[in-house]
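S.K.: What follows is entry_15.cif, mmCIF, C-alpha atoms; chains and numbers go by the auth columns.
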data_target
#
loop_
_atom_site.group_PDB
_atom_site.id
_atom_site.type_symbol
_atom_site.label_atom_id
_atom_site.label_comp_id
_atom_site.label_asym_id
_atom_site.label_seq_id
_atom_site.Cartn_x
_atom_site.Cartn_y
_atom_site.Cartn_z
_atom_site.B_iso_or_equiv
_atom_site.auth_seq_id
_atom_site.auth_asym_id
ATOM 1 C CA MET A 1 111.782 107.204 106.641 0.00 1 A
ATOM 2 C CA GLU A 2 111.255 104.067 104.600 0.00 2 A
ATOM 3 C CA GLN A 3 107.757 102.696 104.121 0.00 3 A
ATOM 4 C CA LYS A 4 107.562 99.065 103.043 0.00 4 A
ATOM 5 C CA HIS A 5 104.460 97.270 101.835 0.00 5 A
ATOM 6 C CA GLU A 6 103.779 93.584 101.382 0.00 6 A
ATOM 7 C CA GLN A 7 102.693 93.492 97.738 0.00 7 A
ATOM 8 C CA THR A 8 101.765 89.880 97.131 0.00 8 A
ATOM 9 C CA HIS A 9 99.690 90.090 93.940 0.00 9 A
ATOM 10 C CA ARG A 10 100.780 91.321 90.516 0.00 10 A
ATOM 11 C CA ILE A 11 98.353 92.660 87.913 0.00 11 A
ATOM 12 C CA LEU A 12 98.948 93.699 84.313 0.00 12 A
ATOM 13 C CA VAL A 13 97.093 96.563 82.649 0.00 13 A
ATOM 14 C CA ALA A 14 97.552 96.556 78.859 0.00 14 A
ATOM 15 C CA ASP A 15 96.069 99.420 76.840 0.00 15 A
ATOM 16 C CA ASP A 16 97.475 101.767 74.207 0.00 16 A
ATOM 17 C CA GLU A 17 95.574 104.657 75.830 0.00 17 A
ATOM 18 C CA ARG A 18 97.778 106.161 78.554 0.00 18 A
ATOM 19 C CA MET A 19 94.814 107.610 80.468 0.00 19 A
ATOM 20 C CA ILE A 20 93.147 104.190 80.703 0.00 20 A
ATOM 21 C CA ARG A 21 96.343 102.599 82.063 0.00 21 A
ATOM 22 C CA GLN A 22 96.921 105.357 84.589 0.00 22 A
ATOM 23 C CA GLY A 23 93.273 105.431 85.676 0.00 23 A
ATOM 24 C CA LEU A 24 93.209 101.694 86.387 0.00 24 A
ATOM 25 C CA GLN A 25 96.572 101.828 88.119 0.00 25 A
ATOM 26 C CA VAL A 26 95.465 104.601 90.502 0.00 26 A
ATOM 27 C CA LEU A 27 92.139 102.867 91.184 0.00 27 A
ATOM 28 C CA LEU A 28 93.785 99.533 91.998 0.00 28 A
ATOM 29 C CA THR A 29 96.642 100.983 94.058 0.00 29 A
ATOM 30 C CA ARG A 30 94.303 103.163 96.082 0.00 30 A
ATOM 31 C CA HIS A 31 91.912 100.379 97.084 0.00 31 A
ATOM 32 C CA TYR A 32 94.290 97.425 97.321 0.00 32 A
ATOM 33 C CA ARG A 33 97.659 98.221 98.879 0.00 33 A
ATOM 34 C CA GLU A 34 98.868 94.632 98.425 0.00 34 A
ATOM 35 C CA LEU A 35 98.746 94.892 94.606 0.00 35 A
ATOM 36 C CA THR A 36 101.569 95.700 92.205 0.00 36 A
ATOM 37 C CA VAL A 37 100.383 97.019 88.827 0.00 37 A
ATOM 38 C CA VAL A 38 102.493 96.466 85.701 0.00 38 A
ATOM 39 C CA GLU A 39 101.701 98.380 82.491 0.00 39 A
ATOM 40 C CA ALA A 40 101.941 97.511 78.793 0.00 40 A
ATOM 41 C CA MET A 41 101.202 99.947 75.965 0.00 41 A
ATOM 42 C CA ASN A 42 100.711 97.441 73.132 0.00 42 A
ATOM 43 C CA GLY A 43 99.834 93.810 72.564 0.00 43 A
ATOM 44 C CA GLN A 44 103.383 92.593 71.955 0.00 44 A
ATOM 45 C CA GLU A 45 104.628 94.182 75.181 0.00 45 A
ATOM 46 C CA CYS A 46 101.647 92.660 76.978 0.00 46 A
ATOM 47 C CA TRP A 47 102.489 89.177 75.702 0.00 47 A
ATOM 48 C CA ASP A 48 106.211 89.556 76.459 0.00 48 A
ATOM 49 C CA ILE A 49 105.442 90.524 80.065 0.00 49 A
ATOM 50 C CA LEU A 50 102.956 87.692 80.577 0.00 50 A
ATOM 51 C CA ASN A 51 105.344 85.195 79.019 0.00 51 A
ATOM 52 C CA THR A 52 108.220 86.187 81.340 0.00 52 A
ATOM 53 C CA GLU A 53 106.517 87.320 84.557 0.00 53 A
ATOM 54 C CA LEU A 54 104.582 84.178 85.404 0.00 54 A
ATOM 55 C CA GLN A 55 103.647 85.571 88.838 0.00 55 A
ATOM 56 C CA ILE A 56 101.105 87.898 87.198 0.00 56 A
ATOM 57 C CA GLN A 57 97.714 86.498 88.150 0.00 57 A
ATOM 58 C CA LEU A 58 95.305 88.898 86.473 0.00 58 A
ATOM 59 C CA ALA A 59 95.515 90.982 83.290 0.00 59 A
ATOM 60 C CA PHE A 60 93.209 93.735 82.047 0.00 60 A
ATOM 61 C CA VAL A 61 93.739 93.702 78.270 0.00 61 A
ATOM 62 C CA ASP A 62 92.381 96.143 75.684 0.00 62 A
ATOM 63 C CA ILE A 63 90.838 94.387 72.709 0.00 63 A
ATOM 64 C CA ARG A 64 92.289 96.865 70.181 0.00 64 A
ATOM 65 C CA MET A 65 96.053 97.471 70.508 0.00 65 A
ATOM 66 C CA PRO A 66 98.996 97.880 68.098 0.00 66 A
ATOM 67 C CA GLU A 67 101.180 94.902 67.107 0.00 67 A
ATOM 68 C CA LEU A 68 98.911 92.278 68.738 0.00 68 A
ATOM 69 C CA ASP A 69 95.258 92.842 69.572 0.00 69 A
ATOM 70 C CA GLY A 70 93.658 91.617 72.778 0.00 70 A
ATOM 71 C CA LEU A 71 92.134 88.518 71.188 0.00 71 A
ATOM 72 C CA GLN A 72 95.497 87.463 69.735 0.00 72 A
ATOM 73 C CA VAL A 73 97.040 87.857 73.186 0.00 73 A
ATOM 74 C CA CYS A 74 94.266 85.687 74.658 0.00 74 A
ATOM 75 C CA GLU A 75 94.865 83.038 72.001 0.00 75 A
ATOM 76 C CA LYS A 76 98.578 82.941 72.843 0.00 76 A
ATOM 77 C CA ILE A 77 97.818 82.702 76.557 0.00 77 A
ATOM 78 C CA LYS A 78 95.487 79.764 75.993 0.00 78 A
ATOM 79 C CA LYS A 79 97.951 77.920 73.740 0.00 79 A
ATOM 80 C CA ALA A 80 100.790 78.460 76.209 0.00 80 A
ATOM 81 C CA GLY A 81 98.611 77.393 79.135 0.00 81 A
ATOM 82 C CA LEU A 82 99.599 80.411 81.235 0.00 82 A
ATOM 83 C CA PRO A 83 97.880 80.548 84.658 0.00 83 A
ATOM 84 C CA VAL A 84 96.617 84.113 84.287 0.00 84 A
ATOM 85 C CA LYS A 85 93.016 85.309 84.324 0.00 85 A
ATOM 86 C CA VAL A 86 92.267 87.830 81.564 0.00 86 A
ATOM 87 C CA VAL A 87 89.668 90.588 81.589 0.00 87 A
ATOM 88 C CA ILE A 88 89.046 92.097 78.165 0.00 88 A
ATOM 89 C CA ILE A 89 88.458 95.864 77.970 0.00 89 A
ATOM 90 C CA SER A 90 86.595 96.957 74.873 0.00 90 A
ATOM 91 C CA GLY A 91 84.979 100.008 73.357 0.00 91 A
ATOM 92 C CA PHE A 92 82.865 97.768 71.136 0.00 92 A
ATOM 93 C CA ARG A 93 79.469 96.266 71.979 0.00 93 A
ATOM 94 C CA ASP A 94 79.965 93.645 69.285 0.00 94 A
ATOM 95 C CA PHE A 95 78.697 90.218 70.360 0.00 95 A
ATOM 96 C CA ASP A 96 81.194 88.439 68.084 0.00 96 A
ATOM 97 C CA TYR A 97 84.106 90.054 69.934 0.00 97 A
ATOM 98 C CA ALA A 98 82.688 88.955 73.285 0.00 98 A
ATOM 99 C CA ARG A 99 81.909 85.429 72.066 0.00 99 A
ATOM 100 C CA GLN A 100 85.432 84.959 70.711 0.00 100 A
ATOM 101 C CA ALA A 101 86.945 86.348 73.910 0.00 101 A
ATOM 102 C CA PHE A 102 84.996 83.930 76.093 0.00 102 A
ATOM 103 C CA ARG A 103 86.014 81.108 73.774 0.00 103 A
ATOM 104 C CA TYR A 104 89.585 81.820 74.892 0.00 104 A
ATOM 105 C CA GLY A 105 88.505 81.575 78.516 0.00 105 A
ATOM 106 C CA VAL A 106 88.541 85.219 79.598 0.00 106 A
ATOM 107 C CA ALA A 107 87.231 85.965 83.091 0.00 107 A
ATOM 108 C CA ASP A 108 85.110 88.945 82.014 0.00 108 A
ATOM 109 C CA TYR A 109 84.440 91.419 79.203 0.00 109 A
ATOM 110 C CA LEU A 110 84.194 95.080 80.297 0.00 110 A
ATOM 111 C CA LEU A 111 83.003 97.926 78.099 0.00 111 A
ATOM 112 C CA LYS A 112 84.637 101.355 78.111 0.00 112 A
ATOM 113 C CA PRO A 113 84.307 103.566 80.029 0.00 113 A
ATOM 114 C CA VAL A 114 85.150 100.929 82.606 0.00 114 A
ATOM 115 C CA ASN A 115 83.039 100.973 85.751 0.00 115 A
ATOM 116 C CA ALA A 116 85.217 101.130 88.878 0.00 116 A
ATOM 117 C CA SER A 117 82.873 98.835 90.811 0.00 117 A
ATOM 118 C CA ASP A 118 83.298 96.119 88.149 0.00 118 A
ATOM 119 C CA VAL A 119 87.084 96.305 88.456 0.00 119 A
ATOM 120 C CA LEU A 120 86.978 96.129 92.266 0.00 120 A
ATOM 121 C CA ARG A 121 84.533 93.214 92.091 0.00 121 A
ATOM 122 C CA LEU A 122 86.897 91.272 89.850 0.00 122 A
ATOM 123 C CA ILE A 123 89.847 91.878 92.156 0.00 123 A
ATOM 124 C CA GLN A 124 87.826 90.616 95.093 0.00 124 A
ATOM 125 C CA GLU A 125 86.711 87.531 93.152 0.00 125 A
ATOM 126 C CA VAL A 126 90.190 86.635 91.887 0.00 126 A
ATOM 127 C CA PHE A 127 92.250 87.370 94.992 0.00 127 A
ATOM 128 C CA GLN A 128 89.602 86.964 97.718 0.00 128 A
ATOM 129 C CA VAL A 129 90.551 90.313 99.274 0.00 129 A
ATOM 130 C CA ALA A 130 88.193 93.101 100.262 0.00 130 A
ATOM 131 C CA PRO A 131 88.894 96.717 99.218 0.00 131 A
ATOM 132 C CA LEU A 132 89.856 99.232 101.875 0.00 132 A
ATOM 133 C CA THR A 133 87.013 101.289 103.308 0.00 133 A
ATOM 134 C CA ALA A 134 86.802 104.954 102.288 0.00 134 A
ATOM 135 C CA GLU A 135 87.580 106.018 105.857 0.00 135 A
ATOM 136 C CA LEU A 136 90.700 103.844 106.032 0.00 136 A
ATOM 137 C CA ILE A 137 91.850 105.027 102.611 0.00 137 A
ATOM 138 C CA GLU A 138 91.601 108.661 103.737 0.00 138 A
ATOM 139 C CA LYS A 139 93.470 107.937 106.962 0.00 139 A
ATOM 140 C CA GLN A 140 96.280 106.061 105.206 0.00 140 A
ATOM 141 C CA GLU A 141 96.591 108.720 102.500 0.00 141 A
ATOM 142 C CA ARG A 142 96.926 111.501 105.067 0.00 142 A
ATOM 143 C CA LEU A 143 99.593 109.496 106.894 0.00 143 A
ATOM 144 C CA LEU A 144 101.446 108.749 103.666 0.00 144 A
ATOM 145 C CA ILE A 145 101.475 112.359 102.473 0.00 145 A
ATOM 146 C CA GLU A 146 102.815 113.490 105.842 0.00 146 A
ATOM 147 C CA GLN A 147 105.640 110.934 105.596 0.00 147 A
ATOM 148 C CA VAL A 148 106.344 112.082 102.040 0.00 148 A
ATOM 149 C CA ARG A 149 106.491 115.739 103.103 0.00 149 A
ATOM 150 C CA ILE A 150 108.966 114.932 105.885 0.00 150 A
ATOM 151 C CA TRP A 151 111.139 112.972 103.457 0.00 151 A
ATOM 152 C CA ILE A 152 111.099 115.825 100.931 0.00 152 A
ATOM 153 C CA HIS A 153 112.153 118.370 103.575 0.00 153 A
ATOM 154 C CA ASP A 154 115.014 116.071 104.609 0.00 154 A
ATOM 155 C CA HIS A 155 116.245 115.782 101.004 0.00 155 A
ATOM 156 C CA LEU A 156 115.847 119.315 99.610 0.00 156 A
ATOM 157 C CA HIS A 157 119.589 119.376 98.892 0.00 157 A
ATOM 158 C CA GLN A 158 119.071 116.607 96.317 0.00 158 A
ATOM 159 C CA HIS A 159 117.457 116.430 92.891 0.00 159 A
ATOM 160 C CA LEU A 160 113.953 115.093 93.580 0.00 160 A
ATOM 161 C CA THR A 161 111.452 113.469 91.242 0.00 161 A
ATOM 162 C CA LEU A 162 108.203 111.572 91.610 0.00 162 A
ATOM 163 C CA LEU A 163 110.119 108.479 90.541 0.00 163 A
ATOM 164 C CA ASP A 164 112.373 108.906 93.593 0.00 164 A
ATOM 165 C CA LEU A 165 109.272 108.985 95.796 0.00 165 A
ATOM 166 C CA SER A 166 107.878 105.944 94.013 0.00 166 A
ATOM 167 C CA HIS A 167 111.033 103.950 94.786 0.00 167 A
ATOM 168 C CA GLN A 168 111.205 105.220 98.356 0.00 168 A
ATOM 169 C CA PHE A 169 107.581 104.609 99.363 0.00 169 A
ATOM 170 C CA HIS A 170 106.685 101.770 96.949 0.00 170 A
ATOM 171 C CA TYR A 171 103.712 103.471 95.313 0.00 171 A
ATOM 172 C CA SER A 172 103.200 104.264 91.640 0.00 172 A
ATOM 173 C CA VAL A 173 104.137 107.653 90.192 0.00 173 A
ATOM 174 C CA ASN A 174 100.543 108.137 89.010 0.00 174 A
ATOM 175 C CA TYR A 175 99.118 107.446 92.458 0.00 175 A
ATOM 176 C CA LEU A 176 101.579 109.777 94.209 0.00 176 A
ATOM 177 C CA SER A 177 100.878 112.537 91.681 0.00 177 A
ATOM 178 C CA MET A 178 97.131 112.185 92.299 0.00 178 A
ATOM 179 C CA LEU A 179 97.686 112.156 96.054 0.00 179 A
ATOM 180 C CA PHE A 180 99.706 115.380 96.004 0.00 180 A
ATOM 181 C CA LYS A 181 96.996 117.278 94.166 0.00 181 A
ATOM 182 C CA LYS A 182 94.290 115.814 96.388 0.00 182 A
ATOM 183 C CA GLU A 183 95.920 116.295 99.804 0.00 183 A
ATOM 184 C CA ILE A 184 98.126 119.369 99.250 0.00 184 A
ATOM 185 C CA GLY A 185 96.267 121.092 96.440 0.00 185 A
ATOM 186 C CA THR A 186 99.305 121.498 94.210 0.00 186 A
ATOM 187 C CA GLY A 187 101.556 119.445 91.955 0.00 187 A
ATOM 188 C CA PHE A 188 104.695 117.706 93.185 0.00 188 A
ATOM 189 C CA GLN A 189 107.179 119.992 91.415 0.00 189 A
ATOM 190 C CA GLU A 190 105.364 123.131 92.583 0.00 190 A
ATOM 191 C CA TYR A 191 105.433 121.874 96.163 0.00 191 A
ATOM 192 C CA VAL A 192 109.151 121.009 96.043 0.00 192 A
ATOM 193 C CA LEU A 193 109.979 124.416 94.546 0.00 193 A
ATOM 194 C CA ALA A 194 108.015 126.192 97.277 0.00 194 A
ATOM 195 C CA CYS A 195 109.890 124.181 99.931 0.00 195 A
ATOM 196 C CA ARG A 196 113.249 124.988 98.342 0.00 196 A
ATOM 197 C CA MET A 197 112.482 128.711 98.246 0.00 197 A
ATOM 198 C CA GLN A 198 111.244 128.735 101.843 0.00 198 A
ATOM 199 C CA ARG A 199 114.435 126.989 102.971 0.00 199 A
ATOM 200 C CA ALA A 200 116.519 129.438 100.907 0.00 200 A
ATOM 201 C CA LYS A 201 114.813 132.437 102.526 0.00 201 A
ATOM 202 C CA HIS A 202 115.673 131.081 105.953 0.00 202 A
ATOM 203 C CA LEU A 203 119.313 130.431 105.008 0.00 203 A
ATOM 204 C CA LEU A 204 119.672 133.889 103.453 0.00 204 A
ATOM 205 C CA LEU A 205 119.144 135.412 106.900 0.00 205 A
ATOM 206 C CA ASP A 206 122.605 134.177 107.834 0.00 206 A
ATOM 207 C CA PRO A 207 125.058 136.685 106.292 0.00 207 A
ATOM 208 C CA ALA A 208 127.941 134.229 106.756 0.00 208 A
ATOM 209 C CA LEU A 209 126.513 131.808 104.207 0.00 209 A
ATOM 210 C CA ARG A 210 127.550 132.281 100.577 0.00 210 A
ATOM 211 C CA ILE A 211 124.895 132.203 97.866 0.00 211 A
ATOM 212 C CA SER A 212 126.631 129.228 96.239 0.00 212 A
ATOM 213 C CA HIS A 213 126.437 127.278 99.509 0.00 213 A
ATOM 214 C CA ILE A 214 122.757 128.134 99.956 0.00 214 A
ATOM 215 C CA ALA A 215 122.077 127.034 96.375 0.00 215 A
ATOM 216 C CA GLN A 216 123.594 123.625 97.112 0.00 216 A
ATOM 217 C CA GLN A 217 121.586 123.284 100.322 0.00 217 A
ATOM 218 C CA VAL A 218 118.327 123.656 98.386 0.00 218 A
ATOM 219 C CA GLY A 219 119.215 121.370 95.499 0.00 219 A
ATOM 220 C CA TYR A 220 120.905 123.638 92.944 0.00 220 A
ATOM 221 C CA THR A 221 124.405 122.783 91.745 0.00 221 A
ATOM 222 C CA ASN A 222 124.516 126.007 89.696 0.00 222 A
ATOM 223 C CA PRO A 223 124.249 129.247 91.782 0.00 223 A
ATOM 224 C CA LYS A 224 123.080 131.194 88.710 0.00 224 A
ATOM 225 C CA ALA A 225 120.216 128.739 88.156 0.00 225 A
ATOM 226 C CA PHE A 226 119.292 129.119 91.828 0.00 226 A
ATOM 227 C CA SER A 227 119.295 132.926 91.576 0.00 227 A
ATOM 228 C CA ILE A 228 117.063 132.808 88.488 0.00 228 A
ATOM 229 C CA ALA A 229 114.639 130.389 90.167 0.00 229 A
ATOM 230 C CA PHE A 230 114.558 132.472 93.360 0.00 230 A
ATOM 231 C CA HIS A 231 113.956 135.692 91.427 0.00 231 A
ATOM 232 C CA LYS A 232 111.126 134.083 89.465 0.00 232 A
ATOM 233 C CA ALA A 233 109.487 132.597 92.566 0.00 233 A
ATOM 234 C CA CYS A 234 109.995 135.480 95.010 0.00 234 A
ATOM 235 C CA GLY A 235 110.076 138.550 92.770 0.00 235 A
ATOM 236 C CA ILE A 236 113.603 139.691 93.708 0.00 236 A
ATOM 237 C CA PRO A 237 117.120 138.189 93.481 0.00 237 A
ATOM 238 C CA PRO A 238 118.444 136.401 96.581 0.00 238 A
ATOM 239 C CA THR A 239 121.086 139.121 97.186 0.00 239 A
ATOM 240 C CA GLU A 240 118.396 141.820 97.325 0.00 240 A
ATOM 241 C CA TYR A 241 116.224 139.641 99.564 0.00 241 A
ATOM 242 C CA ARG A 242 119.151 139.254 101.972 0.00 242 A
ATOM 243 C CA GLU A 243 119.801 143.021 102.003 0.00 243 A
ATOM 244 C CA MET A 244 116.106 143.805 102.499 0.00 244 A
ATOM 245 C CA ARG A 245 115.700 141.382 105.402 0.00 245 A
ATOM 246 C CA GLY A 246 118.985 142.597 106.883 0.00 246 A
ATOM 247 C CA ARG A 247 117.647 146.137 106.991 0.00 247 A
ATOM 248 C CA GLU A 248 114.442 144.890 108.618 0.00 248 A
ATOM 249 C CA VAL A 249 116.481 143.261 111.392 0.00 249 A
ATOM 250 C CA ILE A 250 118.494 146.467 111.965 0.00 250 A
ATOM 251 C CA PHE A 251 115.444 148.715 112.179 0.00 251 A
#
In structure tokens, what does this structure look like?

M.R.:
Amino acid sequence: MEQKHEQTHRILVADDERMIRQGLQVLLTRHYRELTVVEAMNGQECWDILNTELQIQLAFVDIRMPELDGLQVCEKIKKAGLPVKVVIISGFRDFDYARQAFRYGVADYLLKPVNASDVLRLIQEVFQVAPLTAELIEKQERLLIEQVRIWIHDHLHQHLTLLDLSHQFHYSVNYLSMLFKKEIGTGFQEYVLACRMQRAKHLLLDPALRISHIAQQVGYTNPKAFSIAFHKACGIPPTEYREMRGREVIF
């Protein structure tokens, strides 16, 4: 089942701290489904993206990054006349930093740790869109995770990654990872493994099916790798599980 979303606004998050980038991406994706978030891990990458992807309308830029710092990026943006609003993220309460940033025309100057309400306020001001209500977010997340679970069960014979889900449902890997832990209580890989083993147990009840065929049906091209994974997950090899369940059926 393919889920398409009209993502009309593009935002850049540039920070050399991975946790900051991921945190902002999840926050923005969760509250504004029409946003696409692009990431940059240093100042040069940030500038390259802004200089080529002119549809980016808002950028959250860390003031201290390798290669180019946030102020140098702002200077380049101003000289090039790019139509992007910049929000500086800084761990420094230095007035000189703020004054120089505003001299380059930044939209705001946020101190770390960034307050979520400040980020949401800026999105609303720039794009004139209201965030989703908490109730609607919960409803949409429950619907999405149910669609994801159905898709996973339909594709257990394939190699599955969070990136596959991201491409299929048009949400970020970070957001989907957070959603799995929140709604299902386990990680993505753990959930997929549990589904594969449950499917394998069901298939093993059919004595006509070869172990190699069952392995392929649950996403393993190597029967030995499947047997090892099954033994680790279920405590016994698949051949013994089949024999044990066969005796249960007889008696």

S.K.: From the options A:Gln57, A:Thr8, A:Asn222, A:Ser212, which residue's atoms come nearest to Leu122 (chain A), counting all atoms listed in the file?

M.R.: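 Selected residue with least distance to Leu122 (chain A): A:Gln57.
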
S.K.: So how many Å separate CA of His202 (chain A) and CA of Gly246 (chain A), to one decimal?

M.R.: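 We find that CA of His202 (chain A) and CA of Gly246 (chain A) lie 12.0 Å from each other.
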
S.K.: Take the PyMOL selection byres ((chain A and resi 31) around 8), run it mentally on this structure, and tell me the resulting residues as an MDAnalysis selection string.

M.R.: chainID A and resid 27:30 32:33 131:133 137

S.K.: I'd like the interatomic distance between CA of Thr52 (chain A) and CA of Leu82 (chain A), to a tenth of an Å.

M.R.: 10.4 Å

S.K.: Taking only C-alpha atoms into account, name the residue in A:Asp62, A:Glu34, A:Glu138, A:Asp48 that is nearest to Ala14 (chain A).

M.R.: A:Asp62

S.K.: From (122.1, 126.7, 99.5), in the file's coordinates, out to 10 Å: which residues are reached, counting all atoms listed in the file? Answer as a list in words.

M.R.: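 Every polymer residue passing the test: Leu156, His157, Arg196, Met197, Arg199, Ala200, Lys201, Leu203, Leu204, Leu209, Arg210, Ile211, Ser212, His213, Ile214, Ala215, Gln216, Gln217, Val218, Gly219, Tyr220, Thr221, Pro223 and Phe226 of chain A.
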
S.K.: Would you compute, for all listed atoms of region 90-97 of chain A, the axis-aligned bounding box grown by 5 Å on each side, and then report its centre and edge lengths in Å rounded to one decimal, as lines of an AutoDock Vina configuration file?

M.R.:
center_x = 82.6
center_y = 94.2
center_z = 71.5
size_x = 17.9
size_y = 21.6
size_z = 16.8

S.K.: So which residues get picked by the PyMOL selection byres ((chain A and resi 83) around 10) here, written as a list in words?

M.R.: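 With the PyMOL selection byres ((chain A and resi 83) around 10) on this model, the match is Leu50, Leu54, Gln55, Ile56, Gln57, Leu58, Ile77, Lys78, Ala80, Gly81, Leu82, Val84, Lys85 and Val86 of chain A.
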
S.K.: Counting only C-alpha atoms, which residue out of A:Val129, A:Arg93, A:Gly105, A:Gln198 sits closest to Lys79 (chain A)?

M.R.: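 When distances to Lys79 (chain A) are compared using only C-alpha atoms, the smallest one comes from A:Gly105.
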
S.K.: Got a sec to resolve the PyMOL selection byres ((chain A and resi 192) around 12) on this structure and send the residues as a PDB file with C-alpha atoms, keeping the file's coordinate frame?

M.R.:
ATOM      1  CA  VAL A 148     106.344 112.082 102.040  1.00  0.00           C
ATOM      2  CA  ARG A 149     106.491 115.739 103.103  1.00  0.00           C
ATOM      3  CA  ILE A 150     108.966 114.932 105.885  1.00  0.00           C
ATOM      4  CA  TRP A 151     111.139 112.972 103.457  1.00  0.00           C
ATOM      5  CA  ILE A 152     111.099 115.825 100.931  1.00  0.00           C
ATOM      6  CA  HIS A 153     112.153 118.370 103.575  1.00  0.00           C
ATOM      7  CA  ASP A 154     115.014 116.071 104.609  1.00  0.00           C
ATOM      8  CA  HIS A 155     116.245 115.782 101.004  1.00  0.00           C
ATOM      9  CA  LEU A 156     115.847 119.315  99.610  1.00  0.00           C
ATOM     10  CA  HIS A 157     119.589 119.376  98.892  1.00  0.00           C
ATOM     11  CA  GLN A 158     119.071 116.607  96.317  1.00  0.00           C
ATOM     12  CA  HIS A 159     117.457 116.430  92.891  1.00  0.00           C
ATOM     13  CA  LEU A 160     113.953 115.093  93.580  1.00  0.00           C
ATOM     14  CA  THR A 161     111.452 113.469  91.242  1.00  0.00           C
ATOM     15  CA  LEU A 162     108.203 111.572  91.610  1.00  0.00           C
ATOM     16  CA  PHE A 180      99.706 115.380  96.004  1.00  0.00           C
ATOM     17  CA  ILE A 184      98.126 119.369  99.250  1.00  0.00           C
ATOM     18  CA  THR A 186      99.305 121.498  94.210  1.00  0.00           C
ATOM     19  CA  GLY A 187     101.556 119.445  91.955  1.00  0.00           C
ATOM     20  CA  PHE A 188     104.695 117.706  93.185  1.00  0.00           C
ATOM     21  CA  GLN A 189     107.179 119.992  91.415  1.00  0.00           C
ATOM     22  CA  GLU A 190     105.364 123.131  92.583  1.00  0.00           C
ATOM     23  CA  TYR A 191     105.433 121.874  96.163  1.00  0.00           C
ATOM     24  CA  LEU A 193     109.979 124.416  94.546  1.00  0.00           C
ATOM     25  CA  ALA A 194     108.015 126.192  97.277  1.00  0.00           C
ATOM     26  CA  CYS A 195     109.890 124.181  99.931  1.00  0.00           C
ATOM     27  CA  ARG A 196     113.249 124.988  98.342  1.00  0.00           C
ATOM     28  CA  MET A 197     112.482 128.711  98.246  1.00  0.00           C
ATOM     29  CA  GLN A 198     111.244 128.735 101.843  1.00  0.00           C
ATOM     30  CA  ARG A 199     114.435 126.989 102.971  1.00  0.00           C
ATOM     31  CA  VAL A 218     118.327 123.656  98.386  1.00  0.00           C
ATOM     32  CA  GLY A 219     119.215 121.370  95.499  1.00  0.00           C
TER      33      GLY A 219
END

S.K.: Taking (102.1, 102.3, 91.8) as a centre in this file's frame and 7 Å as the limit, can you find every polymer residue with an atom that close, using only C-alpha atoms, and give them as a short mmCIF file (atom, residue, chain, number, x, y, z; two decimals) with C-alpha atoms, in the frame of the given file?

M.R.:
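File produced: point20.cif:
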data_model
loop_
_atom_site.label_atom_id
_atom_site.label_comp_id
_atom_site.auth_asym_id
_atom_site.auth_seq_id
_atom_site.Cartn_x
_atom_site.Cartn_y
_atom_site.Cartn_z
CA GLN A 25 96.57 101.83 88.12
CA THR A 29 96.64 100.98 94.06
CA THR A 36 101.57 95.70 92.20
CA VAL A 37 100.38 97.02 88.83
CA HIS A 170 106.68 101.77 96.95
CA TYR A 171 103.71 103.47 95.31
CA SER A 172 103.20 104.26 91.64
CA VAL A 173 104.14 107.65 90.19
CA ASN A 174 100.54 108.14 89.01
CA TYR A 175 99.12 107.45 92.46
#

S.K.: Using Å and a single decimal, report how far CA of Glu125 (chain A) sits from CA of Met41 (chain A).

M.R.: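 Separation between CA of Met41 (chain A) and CA of Glu125 (chain A): 25.7 Å.
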
S.K.: Dump region 135-144 of chain A with N, CA and C atoms to a file, as a CSV table (one decimal), in the first residue's frame.

M.R.:
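result-v6.csv written:
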chain,number,residue,atom,x,y,z
A,135,GLU,N,-4.0,15.3,19.2
A,135,GLU,CA,-5.0,14.2,19.0
A,135,GLU,C,-4.9,13.7,17.5
A,136,LEU,N,-4.7,14.7,16.6
A,136,LEU,CA,-4.6,14.3,15.2
A,136,LEU,C,-3.3,13.6,14.9
A,137,ILE,N,-2.3,14.0,15.6
A,137,ILE,CA,-0.9,13.4,15.4
A,137,ILE,C,-1.0,11.9,15.9
A,138,GLU,N,-1.6,11.7,17.0
A,138,GLU,CA,-1.8,10.3,17.5
A,138,GLU,C,-2.6,9.5,16.6
A,139,LYS,N,-3.7,10.0,16.1
A,139,LYS,CA,-4.5,9.3,15.2
A,139,LYS,C,-3.8,8.9,13.9
A,140,GLN,N,-3.1,9.9,13.3
A,140,GLN,CA,-2.3,9.6,12.1
A,140,GLN,C,-1.2,8.7,12.3
A,141,GLU,N,-0.5,8.7,13.5
A,141,GLU,CA,0.6,7.8,13.7
A,141,GLU,C,0.1,6.4,13.9
A,142,ARG,N,-1.0,6.2,14.5
A,142,ARG,CA,-1.6,4.9,14.7
A,142,ARG,C,-1.9,4.3,13.3
A,143,LEU,N,-2.5,5.1,12.5
A,143,LEU,CA,-2.9,4.7,11.1
A,143,LEU,C,-1.6,4.3,10.3
A,144,LEU,N,-0.6,5.2,10.4
A,144,LEU,CA,0.6,4.9,9.7
A,144,LEU,C,1.3,3.7,10.1
